[in-house]
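These notes concern the structure reproduced below.
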Amino acid sequence: MQTSPILNRRTLLTAAVTSGALAAAPPALAQNGRHVPPMEGLLPTGHRMEDAPRPFDRQAMAAGKLALIPSQNYTAFTDWWTRRMQNARPNIFQRAVGHTDQTFQSVRDALDPRALSDRTIETLSPYFSEIDVASDFVAARQGSADFYGVLDYWLRPEGFWTTQYRTRAGLDLLDGRLRLMLSETYNDRVPLEDFSAMSGGQGGSDAMAHTFANAMNGALNALLPAVTARLNAGA
Amino acid sequence: MVCKGSVGIALGLALLAAGGVCAASRSQDLSSETRPPLDPVALREWFQRHEAACDDRNSSPAMTVQACTVLLDPPRMVGAPHGRIYARRAEARLALGDEAGARSDLDNALHHYRQSDPLPGTRPIEAPPEYQLPTPALEDNRRVRAGAYCNRADIRWRAGDRQGAEADFGEAEARYPGIACARQGLAGLARGAPAPALAAAAGRAQDQQRRAAVQVCASERMAAARAWFGGQADEARAAQLDSALEPLGVFSADLDTLTRNRAMFTESLAGDPRAQASEAYLVCLQTVRIRQIQPSFDFSRPVDLDGPVIETAELDDGALEAAPEDDIFANLPRRDAGAAAGLLSESLDPQARQTRRLRVAEDTRRRHANIQRRAENRAAFWNTLGEVLLVGVQTYAAVETARLELEAQQALALDRQRVAQAATPPPSVRNASPSPSGSMAVSQTGPRGYPYASNSAAIPYGSTPGCISFRMRQDLLGRYYDVVSSCSTMVHFEIGPPELMNPSESENRIHVAHGVFQPGWQRTLADNYFFVRSRYSAPQVLFACMDRNAAEQALGVTLRSIHFDYEQRTCIAVPSPPPQRAGTSN
């Protein structure tokens with residue numbers, strides 16, 4: 001639901017006062033607000049990726065091992081989440097405006113990168129015999145991977161008043177010779193959920209958690225069916 | 001050169017040495033020592049430990065990077081030989097394949113070299129610092145500095161910057177004339193040779209071959225480990241055995257060395273069971289290594305045992321095998337995925353996924369319930385507030401209606417009274433009740449609560465101008481903030497009902513409401529207040545009395561004074577005392 005800018009401005013002003021969850025640095029700070037290409041840091045600069053032959057070798061996939069590799073954006077996001085969110089507890093001021101461990105946990109869970117990887121792995125599991133995780137392509141190859149998947153996720157507040165959040169997500173699958181099998185991306189803006197000024201910190205936290213969950217669910221609901229369709233089609 | 005009989009002793013010594021090295025390596029594990037101690041002596045030791053770990057060519061590149069990074073941390077870098085540490089970390093990063101990080105470190109290192117040790121006849125680009133840093137504990141030697149230039153030249157060469165590479169090779173040659181890397185690099189550039197492969201790629205290729213050999217000889221490896229360590233043999237002990245065997249040239253890339261060593265160890269299979277197990281493992285390893293280098297090698301060929309049997313030196317750069325041309329993974333950048341890899345790994349466990357899914361579903365359900373509950377509370381609040389407001393409005397309407405009815409009745413009564421009084425002769429002063437001070441209070445509370453003269457109907461206001469003087473003070477912002485009413489200055493103005501007044505300006509600072517007095521407005525006049533409005537303030541109420549002549553004429557008496565009493569909001573007319581009769585007596 002798209003809300004009016006004035007309403008959102010009011011909401012944000014209220015949120016700045018009542019919602020201590022906003023005191024945490026936004027994820028954009030973790031990567032300087034910049035979305036980098038998912039392959040940055042994984043492939044040499046200027047590397048041109050070839051397309052894998054179509055259709056995909058289903059038997060090789062079914063017998064092969066897929067290594068999931070986090071993109072630079074995903075790495076920055078998880079680093080930020082681990083550092084700033086995972087063990088966050090409300091301080092005395094945040095408790096004074098109604099925050100509790102429970103309200104913090106809502107925001108924390110809504111931003112949990114594992115929600116993304118859980119569903120991604122569940123989606124990809126039927127197509128490969130084994131799924132593993134690696135930090136880069138070389139490590140993945142040393143782990144005897146036959147296919148490589150680069151998982152991307154990025155979230156950034158949009159606008160001075162943070163009226164919405166911009167989300168980017170993506171999944172690239174590569175074969176053993178680093179040829180691109182498929183690449184699906186998602187790019188959208190998620191409006192900040194409105195909430196009442198009288199609902200205090202709990203309302204603010206719920207609104208933020210709702211917004212972040214909407215962002216991640218939107219990305220997954222758009223991305224994973226597209227990947228599944230491509231894998232089913234074999235091209 | 002070592003004779004055959006001393007192989008077991010050499011192996012034992014090597015193992016002991018390896019144990020020592022391992023113990024030393026354990027003591028050099030600085031991963032938990034990132035925070036320097038406060039004690040100065042301990043701080044010095046801490047610094048020396050890290051410096052030694054950064055300089056240690058035998059430690060792993062990752063550990064070298066860690067130790068050098070701690071030394072380069074800005075708050076602790078005073079006194080550190082920056083250039084050398086940067087150059088050392090660059091070497092370790094190159095070994096790890098992190099070419100971008102190595103390039104950055106080399107830029108820093110060479111910047112320090114240019115500043116602290118400019119070439120003769122040249123000046124540093126930047127001005128020298130005004131203060132003197134402490135002398136570095138360890139001086140860099142010229143060869144190390146020239147090597148750093150060579151390393152950066154290689155990186156530039158690989159990036160296609162041949163001109164920059166040539167400049168760096170030239171700088172290396174100038175700093176250490178005759179250094180091999182600069183000479184070879186300049187020659188390669190001159191003949192248009194391709195850039196040398198990243199050393200890490202060659203190292204990785206060698207590592208792969210080494211791992212493959214160890215895997216093939218896994219059973220001999222564990223047998224040797226059990227022979228040496230008994231029941232304590234495990235993977236760590238086996239790795240310790242590998243470290244001990246490495247100086248014996250087991251993993252050499254030189255086919256002749258491998259062949260001679262294999263022949264020697266094959267012949268000496270006897271004696272001490274520990275040496276026997278170790279030698280079996282050595283033979284296996286060397287067989288695999290020889291096949292890796294030359295798959296068609298004929299092991300039945302006689303071997304000349306003259307010459308160096310055991311190669312104790314590490315592999316030199318020239319012996320490193322280049323990565324295969326078509327290996328697309330050879331030059332891929334390496335990186336540390338930080339927490340991302342760990343979190344991704346947690347998703348591999350289906351049980352953990354299920355637990356998380358249930359928890360998130362519960363949290364979502366609770367969140368929705370909270371939102372629903374708050375919405376209901378909000379709706380209930382507004383409903384209650386609306387009901388209260390409705391009752392208030394109804395009450396106000398009823399009270400106001402009653403008041404208006406009362407006013408209408410009072411106005412009707414006043415009109416009747418006025419008509420009745422108009423038919424009677426004017427009242428005399430004696431109708432007014434004299435006060436103890438002798439003055440007459442001619443006041444009555446009007447409908448709006450303001451006082452007005454009780455005998456207003458008898459005073460011919462229509463022909464008499466009001467008498468009042470007032471000043472309005474203006475503050476610095478141009479707002480009128482006060483009204484002072486006094487009778488010191490007489491200003492003529494006309495009065496009228498508030499609703500017909502038009503604000504105008506006679507002076508910049510005086511705003512008077514003008515109107516035309518008419519007989520029908522007597523009641524307003526009798527209320528004794530005027531409305532004065534200005535552009536900057538709300539209408540204000542002024543009180544005034546009739547002038548003295550008009551009052552005397554109306555009352556038919558001689559007044560000593562007439563003034564407005566602000567506290568009583570009443571016009572006070574003070575009659576003159578009656579004239580004393582001359583000669584009156586009892």
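Chains: A, B, ... in order of the structure tokens. Residues: from 1 per chain. Ligands: from 1, in order shown.
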
Can you build me a table of chain B residues sitting at most 10 Å from chain A, with the closest atom pair per residue and its distance in Å to one decimal, using only C-alpha atoms, sorted by chain and residue number, as JSON lines?
```
{"residue": "B:Ala100", "atom": "CA", "partner": "A:Gly41", "partner_atom": "CA", "distance": 9.9}
{"residue": "B:Gln208", "atom": "CA", "partner": "A:Gln142", "partner_atom": "CA", "distance": 9.0}
{"residue": "B:Asp327", "atom": "CA", "partner": "A:Arg177", "partner_atom": "CA", "distance": 9.1}
{"residue": "B:Ile328", "atom": "CA", "partner": "A:Arg177", "partner_atom": "CA", "distance": 7.4}
{"residue": "B:Phe329", "atom": "CA", "partner": "A:Val138", "partner_atom": "CA", "distance": 6.3}
{"residue": "B:Ala330", "atom": "CA", "partner": "A:Val138", "partner_atom": "CA", "distance": 8.3}
{"residue": "B:Asn331", "atom": "CA", "partner": "A:Pro44", "partner_atom": "CA", "distance": 7.7}
{"residue": "B:Leu332", "atom": "CA", "partner": "A:Leu43", "partner_atom": "CA", "distance": 5.8}
{"residue": "B:Pro333", "atom": "CA", "partner": "A:Leu42", "partner_atom": "CA", "distance": 6.0}
{"residue": "B:Arg334", "atom": "CA", "partner": "A:Asp136", "partner_atom": "CA", "distance": 6.4}
{"residue": "B:Arg335", "atom": "CA", "partner": "A:Asp136", "partner_atom": "CA", "distance": 6.6}
{"residue": "B:Asp336", "atom": "CA", "partner": "A:Ser135", "partner_atom": "CA", "distance": 6.3}
{"residue": "B:Ala337", "atom": "CA", "partner": "A:Ser135", "partner_atom": "CA", "distance": 5.0}
{"residue": "B:Gly338", "atom": "CA", "partner": "A:Asp79", "partner_atom": "CA", "distance": 6.7}
{"residue": "B:Ala339", "atom": "CA", "partner": "A:Asp79", "partner_atom": "CA", "distance": 5.5}
{"residue": "B:Ala340", "atom": "CA", "partner": "A:Thr75", "partner_atom": "CA", "distance": 5.0}
{"residue": "B:Ala341", "atom": "CA", "partner": "A:Ser135", "partner_atom": "CA", "distance": 5.8}
{"residue": "B:Gly342", "atom": "CA", "partner": "A:Val133", "partner_atom": "CA", "distance": 8.5}
{"residue": "B:Leu343", "atom": "CA", "partner": "A:Arg114", "partner_atom": "CA", "distance": 6.3}
{"residue": "B:Leu344", "atom": "CA", "partner": "A:Ser117", "partner_atom": "CA", "distance": 6.1}
{"residue": "B:Ser345", "atom": "CA", "partner": "A:Val133", "partner_atom": "CA", "distance": 5.9}
{"residue": "B:Glu346", "atom": "CA", "partner": "A:Arg114", "partner_atom": "CA", "distance": 7.5}
{"residue": "B:Ser347", "atom": "CA", "partner": "A:Asp118", "partner_atom": "CA", "distance": 5.1}
{"residue": "B:Leu348", "atom": "CA", "partner": "A:Ile121", "partner_atom": "CA", "distance": 7.2}
{"residue": "B:Asp349", "atom": "CA", "partner": "A:Asp118", "partner_atom": "CA", "distance": 9.0}
{"residue": "B:Pro350", "atom": "CA", "partner": "A:Asp118", "partner_atom": "CA", "distance": 8.6}
{"residue": "B:Ala352", "atom": "CA", "partner": "A:Asp118", "partner_atom": "CA", "distance": 9.2}
{"residue": "B:Arg353", "atom": "CA", "partner": "A:Asp118", "partner_atom": "CA", "distance": 6.0}
{"residue": "B:Gln354", "atom": "CA", "partner": "A:Asp118", "partner_atom": "CA", "distance": 9.0}
{"residue": "B:Arg356", "atom": "CA", "partner": "A:Ala115", "partner_atom": "CA", "distance": 7.9}
{"residue": "B:Arg357", "atom": "CA", "partner": "A:Ala115", "partner_atom": "CA", "distance": 7.8}
{"residue": "B:Arg359", "atom": "CA", "partner": "A:Asp109", "partner_atom": "CA", "distance": 8.8}
{"residue": "B:Val360", "atom": "CA", "partner": "A:Asp109", "partner_atom": "CA", "distance": 6.6}
{"residue": "B:Asp363", "atom": "CA", "partner": "A:Ser106", "partner_atom": "CA", "distance": 6.6}
{"residue": "B:Thr364", "atom": "CA", "partner": "A:Ser106", "partner_atom": "CA", "distance": 8.0}
{"residue": "B:Arg366", "atom": "CA", "partner": "A:Ser106", "partner_atom": "CA", "distance": 9.3}
{"residue": "B:Arg367", "atom": "CA", "partner": "A:Asp206", "partner_atom": "CA", "distance": 6.3}
{"residue": "B:His368", "atom": "CA", "partner": "A:Asp206", "partner_atom": "CA", "distance": 8.5}
{"residue": "B:Asn370", "atom": "CA", "partner": "A:Asp206", "partner_atom": "CA", "distance": 8.2}
{"residue": "B:Ile371", "atom": "CA", "partner": "A:Gly203", "partner_atom": "CA", "distance": 7.4}
{"residue": "B:Arg374", "atom": "CA", "partner": "A:Ser199", "partner_atom": "CA", "distance": 7.0}
{"residue": "B:Ala375", "atom": "CA", "partner": "A:Ser196", "partner_atom": "CA", "distance": 8.8}
{"residue": "B:Asn377", "atom": "CA", "partner": "A:Ser199", "partner_atom": "CA", "distance": 9.7}
{"residue": "B:Arg378", "atom": "CA", "partner": "A:Met198", "partner_atom": "CA", "distance": 8.4}
```

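Here atom CA of A:Ala140 and atom CA of A:Glu50 stand 19.2 Å from one another.
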